[in-house]
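See below for the structure under consideration.
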Amino acid sequence: MNINTLKNILIDKKFWAFFGTGLIVSVAYMDPGNWGTSISAGAKFNYDLLWIVWLSSIMAMLFQYLSGKLGIAGYSLAEVVKIKWKNKFLVFLYWLLAEIAIIATDLAEFLGIVVALNLLFGIPLLIGTFLAILDVLLLLFLTRKTFRTLEYAFILFVSVIGVGYIYELFITRPDITLIGLSSITPKLTGETIIYAVGIIGATVMPHALFVHSWLLKNKLRENRNGLDKKTALNYHIVENISSLFVAGLINAAILIMAAAAFFANGITVATIEEAYKTLTPLFGSLASLVFAVALLSAGISSSITGTLAGQSIMESLTDFKISATVRRLITRVINVIPLLIAILLKIEPLQVLVYSQIILSLMIPLPLIPLIYYTSDKKLMGEFVNKKITTIAASVFALVILLFNAYLIYQTMGGK
């Protein structure tokens, strides 16, 4: 895509009518899971793992491009699995594993809402868990007439998170030189691998790979603007890169803020509540308030995306004949269970966030391998089939993730 093509896309009203799906997916890369892993990593290891954030963001851009392209070709990822595999038992097993990935995702999103409600309004975590269920009602409200309303809402959500972190970076005054060096200098040890894998899992998220294809398939099916698929693909490329670039910046800002605010001041942060309370004496009460509001926005928006992902998986992989509303409610109730258990066992929320993202990293191959394989299938994709260089790049990135996961497992089992 050349500069003139990009310029024409950006001034095209149809592009801005198309824009929005990327934003819904992008919140997966700035969700409470990212907060947990990046705050912990920044507070403990300064800027050392910033390179992982950038690497994860680049990998996510390519994988989400493939997922969206599959949707433009007319399929959701889960739907393709069901069509191609045919064996009902294997498909059902795949659905169960996909649901586990959604539960691990939503554990972080849901927990973000609950913790933010506690920080902002003093609502106990247990009560907050039941209040947070109401986010599904917000989803139903925003999609009652048109999906476009939901996309507008996500512009607001992302703006709140972005502006919040611009403010946090402004007041914490991070070390620009160290940021630059850490961005291009890979560092990885047995101590940092758990956070590196957590960052990957919090960025290249399984549910986002599922839901992007489903969202674009439905958008193209409605196709109110009369777009041809080639034009839609160009729009998707621009939207995907721009939305995930912003998400990557916010993800990096979370780690940078933690390094500048906590590591630089020799403060060990073991909980999100500690991070919130520590910001007040260091930078004023407004810093804490902005932190909590941005967390609430991240929790609500990413939880909605997680619910949509659960809906897309159930809709595509099962034969359950239930309405979209009931399906969303079932997805939400299922996802509440592990959070209630964690709260009743008094497990520290920050640790829950970190370990939930590690689970996600371990489950990335579940959607990723079929995604790369089927987008390389000429019979399925037709003119939208991957170029060889695209498949090679995606395969290399997939191998990188598998190696990180393998190294973590090796370390966990006592490897040196």
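Order determines the names: the first chain of the structure tokens is A, the second B, and so forth; residues in each chain are numbered 1 upward, and ligands are numbered 1 upward as they are shown.
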
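With only C-alpha atoms taken into account, the protein and nucleic acid residues at most 12 Å from Tyr152 in chain A (excluding it and anything under 6 positions from it in its own chain) are Trp16, Ala17, Phe18, Phe19, Gly20, Thr21, Gly22, Leu23, Ile24, Leu142, Thr143, Thr146, Val158, Ser159 and Ser301 of chain A.
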
Using the chain letters and numbers from this document, which residues of range 46-176 of chain A does DSSP assign to helix (DSSP H, G or I), as a VMD selection string? chain A and resid 50 to 72 77 to 85 88 to 121 125 to 132 135 to 142 147 to 172 176

Determine, counting only C-alpha atoms, which protein, DNA and RNA residues have an atom within 10 Å of an atom of Glu383 in chain A; residues of the same chain fewer than 3 positions away are not included. Present the result as a list in words.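 Listing them by chain and then by number gives Ala73, Lys230, Lys378, Lys379, Leu380 and Asn386 of chain A.
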
Show which residues sit within 6 Å of range 162-170 of chain A, as a count of residues only. Count only C-alpha atoms, and ignore same-chain residues fewer than 2 positions away. 8

Can you list, as a list in words, every protein, DNA or RNA residue that comes within 10 Å of Ala41 in chain A when you count only C-alpha atoms, leaving out same-chain residues fewer than 2 positions away?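 The filter keeps Trp35, Gly36, Thr37, Ser38, Ile39, Ala43, Lys44, Phe45, Asn46, Tyr47, Asp48, Leu49, Leu50, Thr192, Ile194, Tyr195, Ala196, Gly198, Ile199, Ile254, Leu255, Ile256, Ala258, Ala259, Phe263 and Val354 of chain A.
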
Please, could you write that set of residues out with N, CA, C and O atoms as a compact mmCIF listing (two decimals), in the first residue's frame?
```
# COMPACT_ATOMS: atom_id res chain seq x y z
N TRP A 35 -2.53 -4.61 32.56
CA TRP A 35 -2.21 -3.79 33.72
C TRP A 35 -1.46 -4.62 34.75
O TRP A 35 -0.43 -4.19 35.29
N GLY A 36 -1.99 -5.81 35.02
CA GLY A 36 -1.37 -6.66 36.04
C GLY A 36 0.06 -7.05 35.69
O GLY A 36 0.98 -6.89 36.49
N THR A 37 0.26 -7.56 34.46
CA THR A 37 1.59 -8.02 34.06
C THR A 37 2.55 -6.85 33.89
O THR A 37 3.71 -6.92 34.32
N SER A 38 2.10 -5.78 33.26
CA SER A 38 3.00 -4.66 32.98
C SER A 38 3.34 -3.87 34.23
O SER A 38 4.48 -3.41 34.38
N ILE A 39 2.39 -3.69 35.14
CA ILE A 39 2.69 -3.01 36.40
C ILE A 39 3.70 -3.82 37.21
O ILE A 39 4.67 -3.28 37.74
N ALA A 43 7.46 -2.45 37.87
CA ALA A 43 7.82 -2.19 39.27
C ALA A 43 9.00 -3.05 39.71
O ALA A 43 9.82 -2.62 40.54
N LYS A 44 9.12 -4.26 39.18
CA LYS A 44 10.19 -5.17 39.60
C LYS A 44 11.47 -5.06 38.77
O LYS A 44 12.58 -5.21 39.28
N PHE A 45 11.30 -4.83 37.46
CA PHE A 45 12.45 -4.92 36.57
C PHE A 45 12.69 -3.65 35.75
O PHE A 45 13.37 -3.71 34.72
N ASN A 46 12.13 -2.53 36.19
CA ASN A 46 12.31 -1.26 35.51
C ASN A 46 11.80 -1.37 34.06
O ASN A 46 10.74 -1.93 33.84
N TYR A 47 12.57 -0.90 33.09
CA TYR A 47 12.13 -0.93 31.69
C TYR A 47 12.62 -2.18 30.96
O TYR A 47 12.46 -2.28 29.73
N ASP A 48 13.18 -3.15 31.67
CA ASP A 48 13.88 -4.27 31.04
C ASP A 48 13.03 -5.09 30.08
O ASP A 48 13.54 -5.67 29.12
N LEU A 49 11.72 -5.18 30.34
CA LEU A 49 10.85 -6.01 29.50
C LEU A 49 10.04 -5.20 28.49
O LEU A 49 9.11 -5.72 27.88
N LEU A 50 10.46 -3.96 28.27
CA LEU A 50 9.73 -3.12 27.31
C LEU A 50 9.83 -3.70 25.90
O LEU A 50 8.88 -3.60 25.11
N THR A 192 12.63 -13.26 34.97
CA THR A 192 11.72 -12.39 34.20
C THR A 192 10.83 -13.15 33.22
O THR A 192 9.88 -12.59 32.70
N ILE A 194 8.54 -15.36 33.50
CA ILE A 194 7.12 -15.46 33.84
C ILE A 194 6.36 -14.20 33.45
O ILE A 194 5.22 -14.25 32.98
N TYR A 195 7.02 -13.04 33.60
CA TYR A 195 6.38 -11.78 33.23
C TYR A 195 6.41 -11.56 31.71
O TYR A 195 5.47 -11.00 31.14
N ALA A 196 7.48 -12.05 31.07
CA ALA A 196 7.56 -11.94 29.62
C ALA A 196 6.44 -12.75 28.96
O ALA A 196 5.76 -12.26 28.05
N GLY A 198 3.68 -13.60 30.45
CA GLY A 198 2.44 -12.93 30.82
C GLY A 198 2.12 -11.77 29.89
O GLY A 198 0.96 -11.57 29.49
N ILE A 199 3.14 -11.00 29.52
CA ILE A 199 2.94 -9.87 28.59
C ILE A 199 2.50 -10.38 27.23
O ILE A 199 1.61 -9.81 26.59
N ILE A 254 1.83 1.59 30.30
CA ILE A 254 1.54 0.99 31.60
C ILE A 254 2.84 0.54 32.27
O ILE A 254 3.09 0.83 33.45
N LEU A 255 3.68 -0.17 31.50
CA LEU A 255 4.96 -0.63 32.05
C LEU A 255 5.88 0.55 32.37
O LEU A 255 6.53 0.58 33.42
N ILE A 256 5.93 1.52 31.46
CA ILE A 256 6.80 2.68 31.66
C ILE A 256 6.38 3.46 32.90
O ILE A 256 7.23 3.89 33.70
N ALA A 258 4.85 2.30 35.55
CA ALA A 258 5.19 1.52 36.74
C ALA A 258 6.68 1.62 37.04
O ALA A 258 7.09 1.74 38.20
N ALA A 259 7.50 1.58 35.99
CA ALA A 259 8.95 1.70 36.18
C ALA A 259 9.31 3.07 36.73
O ALA A 259 10.11 3.20 37.66
N PHE A 263 9.54 1.55 40.49
CA PHE A 263 10.92 1.07 40.51
C PHE A 263 11.89 2.21 40.81
O PHE A 263 12.82 2.05 41.61
N VAL A 354 -1.72 -11.70 36.68
CA VAL A 354 -0.49 -12.19 36.05
C VAL A 354 -0.63 -13.63 35.60
O VAL A 354 -0.34 -13.98 34.44
```

For Gly306 in chain A, work out the shell of residues within 9 Å, counting only C-alpha atoms and skipping chain neighbours fewer than 3 positions away, then give it as an MDAnalysis selection string. chainID A and resid 28 102:103 105:106 109 207:208 211 301:303 309:311

For Leu371 in chain A, list every protein, DNA or RNA residue within 10 Å, evaluated using only C-alpha atoms, and leave out those in the same chain fewer than 2 positions away; present the list as a PyMOL selection string. chain A and resi 63-64+66-67+70+76-78+80-81+209-210+213+365-369+373-376+394

Restricting it to C-alpha atoms, dump the selection as a compact mmCIF listing (two decimals), in the first residue's frame.
```txt
# COMPACT_ATOMS: atom_id res chain seq x y z
CA PHE A 63 -2.22 -12.17 13.70
CA GLN A 64 -5.20 -9.81 13.91
CA LEU A 66 -5.03 -12.60 9.41
CA SER A 67 -8.12 -12.99 11.60
CA LEU A 70 -10.54 -14.46 7.26
CA SER A 76 -15.20 -16.74 11.37
CA LEU A 77 -12.23 -18.71 12.70
CA ALA A 78 -14.40 -20.94 14.90
CA VAL A 80 -13.88 -22.73 9.77
CA VAL A 81 -12.74 -25.16 12.46
CA LEU A 209 -8.06 -13.92 17.37
CA PHE A 210 -11.47 -15.60 17.46
CA SER A 213 -12.93 -12.65 12.14
CA PRO A 365 -1.72 -21.97 19.76
CA LEU A 366 -5.38 -23.06 20.07
CA PRO A 367 -6.65 -20.37 17.66
CA LEU A 368 -3.30 -19.35 16.16
CA ILE A 369 -2.27 -22.58 14.43
CA TYR A 373 -3.12 -22.80 8.36
CA TYR A 374 -6.55 -21.86 7.02
CA THR A 375 -5.61 -18.36 5.83
CA SER A 376 -2.91 -20.12 3.77
CA ALA A 394 3.27 -15.60 11.01
```

Nearest to Leu96 in chain A, restricted to only C-alpha atoms and choosing among A:Ala292, A:Ile313, A:Val326, A:Ile409, comes out as A:Ile313

Of the residues A:Glu79, A:Lys84, A:Glu191, A:Leu119, which is the one nearest to Ser288 in chain A, using only C-alpha atoms?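 Going through A:Glu79, A:Lys84, A:Glu191, A:Leu119 one by one, the smallest distance to Ser288 in chain A is for A:Leu119.
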